[in-house]
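Coordinates as given in work_22.cif (mmCIF, C-alpha atoms; chains and numbers go by the auth columns):
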```cif
data_entry
#
loop_
_atom_site.group_PDB
_atom_site.id
_atom_site.type_symbol
_atom_site.label_atom_id
_atom_site.label_comp_id
_atom_site.label_asym_id
_atom_site.label_seq_id
_atom_site.Cartn_x
_atom_site.Cartn_y
_atom_site.Cartn_z
_atom_site.B_iso_or_equiv
_atom_site.auth_seq_id
_atom_site.auth_asym_id
ATOM 1 C CA MET A 1 102.292 126.886 97.465 0.00 1 A
ATOM 2 C CA VAL A 2 103.742 130.066 96.006 0.00 2 A
ATOM 3 C CA ARG A 3 101.426 133.023 96.541 0.00 3 A
ATOM 4 C CA ILE A 4 101.417 135.237 93.463 0.00 4 A
ATOM 5 C CA ALA A 5 99.252 138.332 93.130 0.00 5 A
ATOM 6 C CA VAL A 6 98.518 140.916 90.487 0.00 6 A
ATOM 7 C CA CYS A 7 98.082 144.544 91.496 0.00 7 A
ATOM 8 C CA PRO A 8 96.419 146.214 88.496 0.00 8 A
ATOM 9 C CA GLY A 9 95.822 149.865 87.753 0.00 9 A
ATOM 10 C CA SER A 10 96.351 152.657 85.298 0.00 10 A
ATOM 11 C CA PHE A 11 98.934 154.318 87.598 0.00 11 A
ATOM 12 C CA ASP A 12 98.795 157.620 85.682 0.00 12 A
ATOM 13 C CA PRO A 13 100.905 158.475 87.617 0.00 13 A
ATOM 14 C CA ILE A 14 101.758 156.222 90.542 0.00 14 A
ATOM 15 C CA THR A 15 101.084 157.930 93.886 0.00 15 A
ATOM 16 C CA TYR A 16 102.099 157.242 97.468 0.00 16 A
ATOM 17 C CA GLY A 17 98.655 155.661 97.861 0.00 17 A
ATOM 18 C CA HIS A 18 99.399 153.128 95.108 0.00 18 A
ATOM 19 C CA LEU A 19 102.859 152.546 96.527 0.00 19 A
ATOM 20 C CA ASP A 20 101.398 151.884 99.977 0.00 20 A
ATOM 21 C CA ILE A 21 99.118 149.155 98.573 0.00 21 A
ATOM 22 C CA ILE A 22 101.961 147.609 96.533 0.00 22 A
ATOM 23 C CA ARG A 23 104.338 147.568 99.514 0.00 23 A
ATOM 24 C CA ARG A 24 101.748 146.022 101.817 0.00 24 A
ATOM 25 C CA GLY A 25 100.848 143.433 99.189 0.00 25 A
ATOM 26 C CA ALA A 26 104.537 142.574 98.779 0.00 26 A
ATOM 27 C CA LYS A 27 104.681 141.716 102.500 0.00 27 A
ATOM 28 C CA VAL A 28 101.865 139.161 102.114 0.00 28 A
ATOM 29 C CA PHE A 29 102.560 137.604 98.717 0.00 29 A
ATOM 30 C CA ASP A 30 105.698 135.870 97.458 0.00 30 A
ATOM 31 C CA MET A 31 105.471 137.763 94.155 0.00 31 A
ATOM 32 C CA VAL A 32 103.434 140.789 93.139 0.00 32 A
ATOM 33 C CA TYR A 33 103.005 141.738 89.501 0.00 33 A
ATOM 34 C CA VAL A 34 102.127 145.400 89.181 0.00 34 A
ATOM 35 C CA SER A 35 100.216 145.453 85.932 0.00 35 A
ATOM 36 C CA VAL A 36 99.753 148.730 84.115 0.00 36 A
ATOM 37 C CA MET A 37 96.367 148.258 82.516 0.00 37 A
ATOM 38 C CA ASN A 38 95.350 150.127 79.409 0.00 38 A
ATOM 39 C CA ASN A 39 91.962 151.635 80.319 0.00 39 A
ATOM 40 C CA SER A 40 90.209 152.734 77.129 0.00 40 A
ATOM 41 C CA ALA A 41 87.911 155.020 79.147 0.00 41 A
ATOM 42 C CA LYS A 42 90.843 157.148 80.310 0.00 42 A
ATOM 43 C CA ASN A 43 93.046 159.608 78.446 0.00 43 A
ATOM 44 C CA PRO A 44 96.447 159.105 80.111 0.00 44 A
ATOM 45 C CA LEU A 45 99.016 161.838 80.641 0.00 45 A
ATOM 46 C CA PHE A 46 101.902 159.348 80.678 0.00 46 A
ATOM 47 C CA SER A 47 102.507 156.627 78.100 0.00 47 A
ATOM 48 C CA VAL A 48 102.393 153.011 79.274 0.00 48 A
ATOM 49 C CA GLU A 49 106.184 152.848 78.935 0.00 49 A
ATOM 50 C CA GLU A 50 106.634 155.996 81.059 0.00 50 A
ATOM 51 C CA ARG A 51 104.314 154.626 83.746 0.00 51 A
ATOM 52 C CA ILE A 52 106.154 151.294 83.793 0.00 52 A
ATOM 53 C CA ASN A 53 109.518 153.053 84.136 0.00 53 A
ATOM 54 C CA LEU A 54 108.259 155.235 87.007 0.00 54 A
ATOM 55 C CA ILE A 55 106.812 152.225 88.854 0.00 55 A
ATOM 56 C CA LYS A 56 110.011 150.232 88.369 0.00 56 A
ATOM 57 C CA GLU A 57 112.023 153.131 89.763 0.00 57 A
ATOM 58 C CA VAL A 58 109.890 153.571 92.910 0.00 58 A
ATOM 59 C CA THR A 59 109.638 149.814 93.596 0.00 59 A
ATOM 60 C CA LYS A 60 113.269 148.901 92.879 0.00 60 A
ATOM 61 C CA ASP A 61 113.816 148.168 96.579 0.00 61 A
ATOM 62 C CA LEU A 62 111.110 145.454 96.486 0.00 62 A
ATOM 63 C CA PRO A 63 112.713 142.293 95.041 0.00 63 A
ATOM 64 C CA ASN A 64 109.398 140.434 94.870 0.00 64 A
ATOM 65 C CA VAL A 65 107.673 143.087 92.739 0.00 65 A
ATOM 66 C CA LYS A 66 107.688 142.937 88.955 0.00 66 A
ATOM 67 C CA VAL A 67 106.170 145.578 86.696 0.00 67 A
ATOM 68 C CA ASP A 68 104.393 144.677 83.488 0.00 68 A
ATOM 69 C CA GLU A 69 101.605 145.848 81.193 0.00 69 A
ATOM 70 C CA HIS A 70 98.422 144.254 79.919 0.00 70 A
ATOM 71 C CA SER A 71 95.617 145.471 77.716 0.00 71 A
ATOM 72 C CA GLY A 72 93.194 142.545 77.908 0.00 72 A
ATOM 73 C CA LEU A 73 91.151 140.958 80.668 0.00 73 A
ATOM 74 C CA LEU A 74 92.807 141.028 84.068 0.00 74 A
ATOM 75 C CA VAL A 75 91.936 137.384 84.791 0.00 75 A
ATOM 76 C CA ASP A 76 93.697 136.342 81.577 0.00 76 A
ATOM 77 C CA TYR A 77 96.822 138.187 82.666 0.00 77 A
ATOM 78 C CA ALA A 78 96.600 136.653 86.146 0.00 78 A
ATOM 79 C CA LYS A 79 96.422 133.186 84.618 0.00 79 A
ATOM 80 C CA GLU A 80 99.361 134.013 82.318 0.00 80 A
ATOM 81 C CA VAL A 81 101.619 134.827 85.300 0.00 81 A
ATOM 82 C CA ASN A 82 100.206 131.991 87.442 0.00 82 A
ATOM 83 C CA ALA A 83 98.686 134.414 89.939 0.00 83 A
ATOM 84 C CA ASN A 84 96.099 133.113 92.360 0.00 84 A
ATOM 85 C CA ALA A 85 95.132 136.532 93.676 0.00 85 A
ATOM 86 C CA ILE A 86 94.324 140.084 92.683 0.00 86 A
ATOM 87 C CA ILE A 87 95.129 142.979 95.022 0.00 87 A
ATOM 88 C CA ARG A 88 92.837 146.001 94.972 0.00 88 A
ATOM 89 C CA GLY A 89 93.139 149.119 97.100 0.00 89 A
ATOM 90 C CA LEU A 90 90.057 150.696 98.640 0.00 90 A
ATOM 91 C CA ARG A 91 90.031 154.374 99.588 0.00 91 A
ATOM 92 C CA ALA A 92 86.420 154.882 100.583 0.00 92 A
ATOM 93 C CA VAL A 93 83.032 153.210 100.651 0.00 93 A
ATOM 94 C CA SER A 94 82.387 154.704 97.213 0.00 94 A
ATOM 95 C CA ASP A 95 85.207 152.537 95.781 0.00 95 A
ATOM 96 C CA PHE A 96 83.641 149.376 97.182 0.00 96 A
ATOM 97 C CA GLU A 97 80.583 149.274 94.924 0.00 97 A
ATOM 98 C CA TYR A 98 82.652 149.553 91.746 0.00 98 A
ATOM 99 C CA GLU A 99 85.264 147.086 93.012 0.00 99 A
ATOM 100 C CA MET A 100 82.563 144.602 94.013 0.00 100 A
ATOM 101 C CA GLN A 101 81.181 144.623 90.452 0.00 101 A
ATOM 102 C CA ILE A 102 84.629 144.050 88.964 0.00 102 A
ATOM 103 C CA THR A 103 85.399 141.293 91.473 0.00 103 A
ATOM 104 C CA SER A 104 82.091 139.563 90.783 0.00 104 A
ATOM 105 C CA MET A 105 82.747 139.632 87.046 0.00 105 A
ATOM 106 C CA ASN A 106 86.270 138.305 87.562 0.00 106 A
ATOM 107 C CA ARG A 107 84.811 135.422 89.630 0.00 107 A
ATOM 108 C CA VAL A 108 82.484 134.565 86.741 0.00 108 A
ATOM 109 C CA LEU A 109 85.447 134.565 84.342 0.00 109 A
ATOM 110 C CA ASN A 110 87.790 132.605 86.632 0.00 110 A
ATOM 111 C CA GLU A 111 86.619 131.378 90.031 0.00 111 A
ATOM 112 C CA ASP A 112 90.126 130.206 90.974 0.00 112 A
ATOM 113 C CA ILE A 113 91.452 133.740 91.372 0.00 113 A
ATOM 114 C CA GLU A 114 90.657 135.472 94.661 0.00 114 A
ATOM 115 C CA THR A 115 90.531 139.220 95.133 0.00 115 A
ATOM 116 C CA PHE A 116 92.050 140.784 98.235 0.00 116 A
ATOM 117 C CA PHE A 117 91.049 144.299 99.203 0.00 117 A
ATOM 118 C CA ILE A 118 93.532 146.409 101.127 0.00 118 A
ATOM 119 C CA MET A 119 92.212 149.515 102.822 0.00 119 A
ATOM 120 C CA THR A 120 94.401 152.465 102.031 0.00 120 A
ATOM 121 C CA ASN A 121 96.343 154.168 104.757 0.00 121 A
ATOM 122 C CA ASN A 122 94.174 157.008 106.139 0.00 122 A
ATOM 123 C CA GLN A 123 96.665 159.651 105.022 0.00 123 A
ATOM 124 C CA TYR A 124 96.028 158.604 101.382 0.00 124 A
ATOM 125 C CA SER A 125 92.259 158.083 101.501 0.00 125 A
ATOM 126 C CA PHE A 126 91.570 161.191 99.398 0.00 126 A
ATOM 127 C CA LEU A 127 94.393 160.609 96.944 0.00 127 A
ATOM 128 C CA SER A 128 93.934 159.782 93.272 0.00 128 A
ATOM 129 C CA SER A 129 96.087 160.182 90.191 0.00 129 A
ATOM 130 C CA SER A 130 93.476 162.586 88.795 0.00 130 A
ATOM 131 C CA ILE A 131 93.770 164.882 91.825 0.00 131 A
ATOM 132 C CA VAL A 132 97.569 164.778 91.644 0.00 132 A
ATOM 133 C CA LYS A 133 97.533 165.735 87.952 0.00 133 A
ATOM 134 C CA GLU A 134 95.097 168.581 88.584 0.00 134 A
ATOM 135 C CA VAL A 135 97.211 170.024 91.404 0.00 135 A
ATOM 136 C CA ALA A 136 100.433 169.583 89.411 0.00 136 A
ATOM 137 C CA LYS A 137 98.876 171.270 86.379 0.00 137 A
ATOM 138 C CA TYR A 138 98.419 174.441 88.424 0.00 138 A
ATOM 139 C CA ASN A 139 101.852 174.182 90.042 0.00 139 A
ATOM 140 C CA GLY A 140 100.559 173.108 93.455 0.00 140 A
ATOM 141 C CA ASP A 141 102.740 171.277 95.958 0.00 141 A
ATOM 142 C CA ILE A 142 102.493 167.523 95.291 0.00 142 A
ATOM 143 C CA SER A 143 105.634 166.500 97.177 0.00 143 A
ATOM 144 C CA SER A 144 103.638 164.666 99.862 0.00 144 A
ATOM 145 C CA LEU A 145 101.505 162.856 97.268 0.00 145 A
ATOM 146 C CA VAL A 146 104.021 161.271 94.903 0.00 146 A
ATOM 147 C CA PRO A 147 107.645 160.101 94.983 0.00 147 A
ATOM 148 C CA PRO A 148 110.228 162.742 93.907 0.00 148 A
ATOM 149 C CA ILE A 149 110.847 161.136 90.491 0.00 149 A
ATOM 150 C CA VAL A 150 107.113 161.265 89.735 0.00 150 A
ATOM 151 C CA GLU A 151 106.914 164.891 90.864 0.00 151 A
ATOM 152 C CA LYS A 152 109.817 165.724 88.551 0.00 152 A
ATOM 153 C CA GLU A 153 108.155 164.001 85.588 0.00 153 A
ATOM 154 C CA LEU A 154 104.820 165.704 86.272 0.00 154 A
ATOM 155 C CA HIS A 155 106.548 169.107 86.287 0.00 155 A
ATOM 156 C CA LYS A 156 108.130 168.213 82.942 0.00 156 A
ATOM 157 C CA LYS A 157 104.744 167.287 81.497 0.00 157 A
ATOM 158 C CA PHE A 158 103.298 170.603 82.633 0.00 158 A
ATOM 159 C CA LYS A 159 106.504 172.512 81.733 0.00 159 A
ATOM 160 C CA ARG A 160 107.236 173.768 85.240 0.00 160 A
#
```
Rewrite the structure of this file - the entire thing - as structure tokens.
Amino acid sequence: MVRIAVCPGSFDPITYGHLDIIRRGAKVFDMVYVSVMNNSAKNPLFSVEERINLIKEVTKDLPNVKVDEHSGLLVDYAKEVNANAIIRGLRAVSDFEYEMQITSMNRVLNEDIETFFIMTNNQYSFLSSSIVKEVAKYNGDISSLVPPIVEKELHKKFKR
């Protein structure tokens, strides 16, 4: 059986924390689809196309990772790409409650798709795209938080 997983997120922008989860997922699954989800509750800094291009660039060394976008239900996308799993990263206990609700709803919608939680590496447990954008906005050092190409694009967005 081919093990295919979807790793969803807004990735606005992708951080080393996201990349850690993607890389670790790629070691376990035969194929990982990184799906840039369009979250209507968020006001993104980067367009979906920009986010996809950045993710493709920083995952180009992972032959079993494909980058895509989806704006509907995650379980529908998973079914579309024949995925039998969803990968979710957990930073802290506070993430678990939200993720448990989403996972439970996904199980109601499609009980054949399992969710796998990967605990983030300790060095990234505080990291979020929102924090990165806030630090970048005020010209703080984000070099240890995001890949160089992402840092460059953030500086462009904030005209640094």
Pick the closest to Asn106 in chain A from A:Ile52, A:Cys7, A:Val75, A:Val28: which is it, counting only C-alpha atoms?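 With only C-alpha atoms as the atom set, the closest residue is A:Val75.
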Two-atom distance - CA of Ser125 in chain A, CA of Arg91 in chain A (Å): 4.7 Å
Near-Leu74 in chain A list (9 Å; only C-alpha atoms; drop same-chain fewer than 2 positions) as a ChimeraX atom specification: /A:6,8,35,37,70-72,76-79,86,106
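Counting all atoms listed in the file, Asp12 in chain A has the following residues at most 10 Å away, ignoring those fewer than 3 positions along the same chain: A:Gly9, A:Thr15, A:Val36, A:Lys42, A:Asn43, A:Pro44, A:Leu45, A:Phe46, A:Ser47, A:Val48, A:Glu50, A:Arg51, A:Ile52, A:Leu54, A:Ser128, A:Ser129, A:Ser130, A:Val132, A:Lys133, A:Val150.
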Determine the residue set returned by the PyMOL selection byres ((chain A and resi 135-139) around 8) for the present structure, and present it as a PDB file with C-alpha atoms, in the frame of the given file.
```pdb
ATOM      1  CA  ILE A 131      93.770 164.882  91.825  1.00  0.00           C
ATOM      2  CA  VAL A 132      97.569 164.778  91.644  1.00  0.00           C
ATOM      3  CA  LYS A 133      97.533 165.735  87.952  1.00  0.00           C
ATOM      4  CA  GLU A 134      95.097 168.581  88.584  1.00  0.00           C
ATOM      5  CA  GLY A 140     100.559 173.108  93.455  1.00  0.00           C
ATOM      6  CA  ASP A 141     102.740 171.277  95.958  1.00  0.00           C
ATOM      7  CA  ILE A 142     102.493 167.523  95.291  1.00  0.00           C
ATOM      8  CA  LEU A 154     104.820 165.704  86.272  1.00  0.00           C
ATOM      9  CA  HIS A 155     106.548 169.107  86.287  1.00  0.00           C
ATOM     10  CA  PHE A 158     103.298 170.603  82.633  1.00  0.00           C
ATOM     11  CA  ARG A 160     107.236 173.768  85.240  1.00  0.00           C
TER      12      ARG A 160
END
```
d(CA of Glu57 in chain A, CA of Arg24 in chain A) in Å: 17.4 Å
Could you tell me which of A:Ile149, A:Tyr98, A:Glu80, A:Lys27 comes closest to Lys56 in chain A if we count all atoms listed in the file? A:Ile149
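CA of Asn38 in chain A is positioned 6.5 Å from CA of Ser10 in chain A.
Checking A:Ile55, A:Leu109, A:Leu145, A:Val93 one by one against Arg23 in chain A, counting only C-alpha atoms, you find the shortest gap at A:Ile55.
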So, with only C-alpha atoms as the atoms that count, which of A:Met31, A:Ala26, A:Ile14, A:Ala85 lies closest to Thr103 in chain A?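 So, comparing all the options, the nearest one is A:Ala85.
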Which residues are near Asp95 in chain A? Cut-off 12 Å, only C-alpha atoms, ignore same chain within fewer than 2 positions. Put them as a ChimeraX atom specification. /A:88-93,97-102,117-120,125-126,128
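Shortest separation to Gly17 in chain A among A:Glu153, A:Pro148, A:Thr59, A:Gln123 occurs at residue A:Gln123, atoms counted being all atoms listed in the file.
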Could you add the missing atoms to range 89-102 of chain A, up to N, CA and C atoms, and return them as a PDB file, keeping the file's coordinate frame?
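Now in out-v1.pdb:
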```pdb
ATOM      1  N   GLY A  89      93.157 148.158  96.007  1.00  0.00           N
ATOM      2  CA  GLY A  89      93.139 149.119  97.100  1.00  0.00           C
ATOM      3  C   GLY A  89      91.775 149.776  97.192  1.00  0.00           C
ATOM      4  N   LEU A  90      91.325 149.998  98.402  1.00  0.00           N
ATOM      5  CA  LEU A  90      90.057 150.696  98.640  1.00  0.00           C
ATOM      6  C   LEU A  90      90.332 151.968  99.423  1.00  0.00           C
ATOM      7  N   ARG A  91      89.853 153.096  98.894  1.00  0.00           N
ATOM      8  CA  ARG A  91      90.031 154.374  99.588  1.00  0.00           C
ATOM      9  C   ARG A  91      88.830 154.711 100.446  1.00  0.00           C
ATOM     10  N   ALA A  92      87.653 154.471  99.901  1.00  0.00           N
ATOM     11  CA  ALA A  92      86.420 154.882 100.583  1.00  0.00           C
ATOM     12  C   ALA A  92      85.301 153.914 100.230  1.00  0.00           C
ATOM     13  N   VAL A  93      84.194 154.063 100.904  1.00  0.00           N
ATOM     14  CA  VAL A  93      83.032 153.210 100.651  1.00  0.00           C
ATOM     15  C   VAL A  93      82.611 153.320  99.185  1.00  0.00           C
ATOM     16  N   SER A  94      82.767 154.499  98.611  1.00  0.00           N
ATOM     17  CA  SER A  94      82.387 154.704  97.213  1.00  0.00           C
ATOM     18  C   SER A  94      83.173 153.803  96.260  1.00  0.00           C
ATOM     19  N   ASP A  95      84.412 153.458  96.599  1.00  0.00           N
ATOM     20  CA  ASP A  95      85.207 152.537  95.781  1.00  0.00           C
ATOM     21  C   ASP A  95      84.646 151.124  95.828  1.00  0.00           C
ATOM     22  N   PHE A  96      84.044 150.757  96.966  1.00  0.00           N
ATOM     23  CA  PHE A  96      83.641 149.376  97.182  1.00  0.00           C
ATOM     24  C   PHE A  96      82.611 148.891  96.172  1.00  0.00           C
ATOM     25  N   GLU A  97      81.633 149.703  95.853  1.00  0.00           N
ATOM     26  CA  GLU A  97      80.583 149.274  94.924  1.00  0.00           C
ATOM     27  C   GLU A  97      81.167 148.930  93.554  1.00  0.00           C
ATOM     28  N   TYR A  98      82.004 149.797  93.036  1.00  0.00           N
ATOM     29  CA  TYR A  98      82.652 149.553  91.746  1.00  0.00           C
ATOM     30  C   TYR A  98      83.531 148.305  91.822  1.00  0.00           C
ATOM     31  N   GLU A  99      84.351 148.218  92.866  1.00  0.00           N
ATOM     32  CA  GLU A  99      85.264 147.086  93.012  1.00  0.00           C
ATOM     33  C   GLU A  99      84.509 145.763  93.172  1.00  0.00           C
ATOM     34  N   MET A 100      83.374 145.815  93.839  1.00  0.00           N
ATOM     35  CA  MET A 100      82.563 144.602  94.013  1.00  0.00           C
ATOM     36  C   MET A 100      82.050 144.107  92.661  1.00  0.00           C
ATOM     37  N   GLN A 101      81.641 145.014  91.793  1.00  0.00           N
ATOM     38  CA  GLN A 101      81.181 144.623  90.452  1.00  0.00           C
ATOM     39  C   GLN A 101      82.314 143.975  89.658  1.00  0.00           C
ATOM     40  N   ILE A 102      83.477 144.588  89.697  1.00  0.00           N
ATOM     41  CA  ILE A 102      84.629 144.050  88.964  1.00  0.00           C
ATOM     42  C   ILE A 102      85.006 142.676  89.519  1.00  0.00           C
TER      43      ILE A 102
END
```
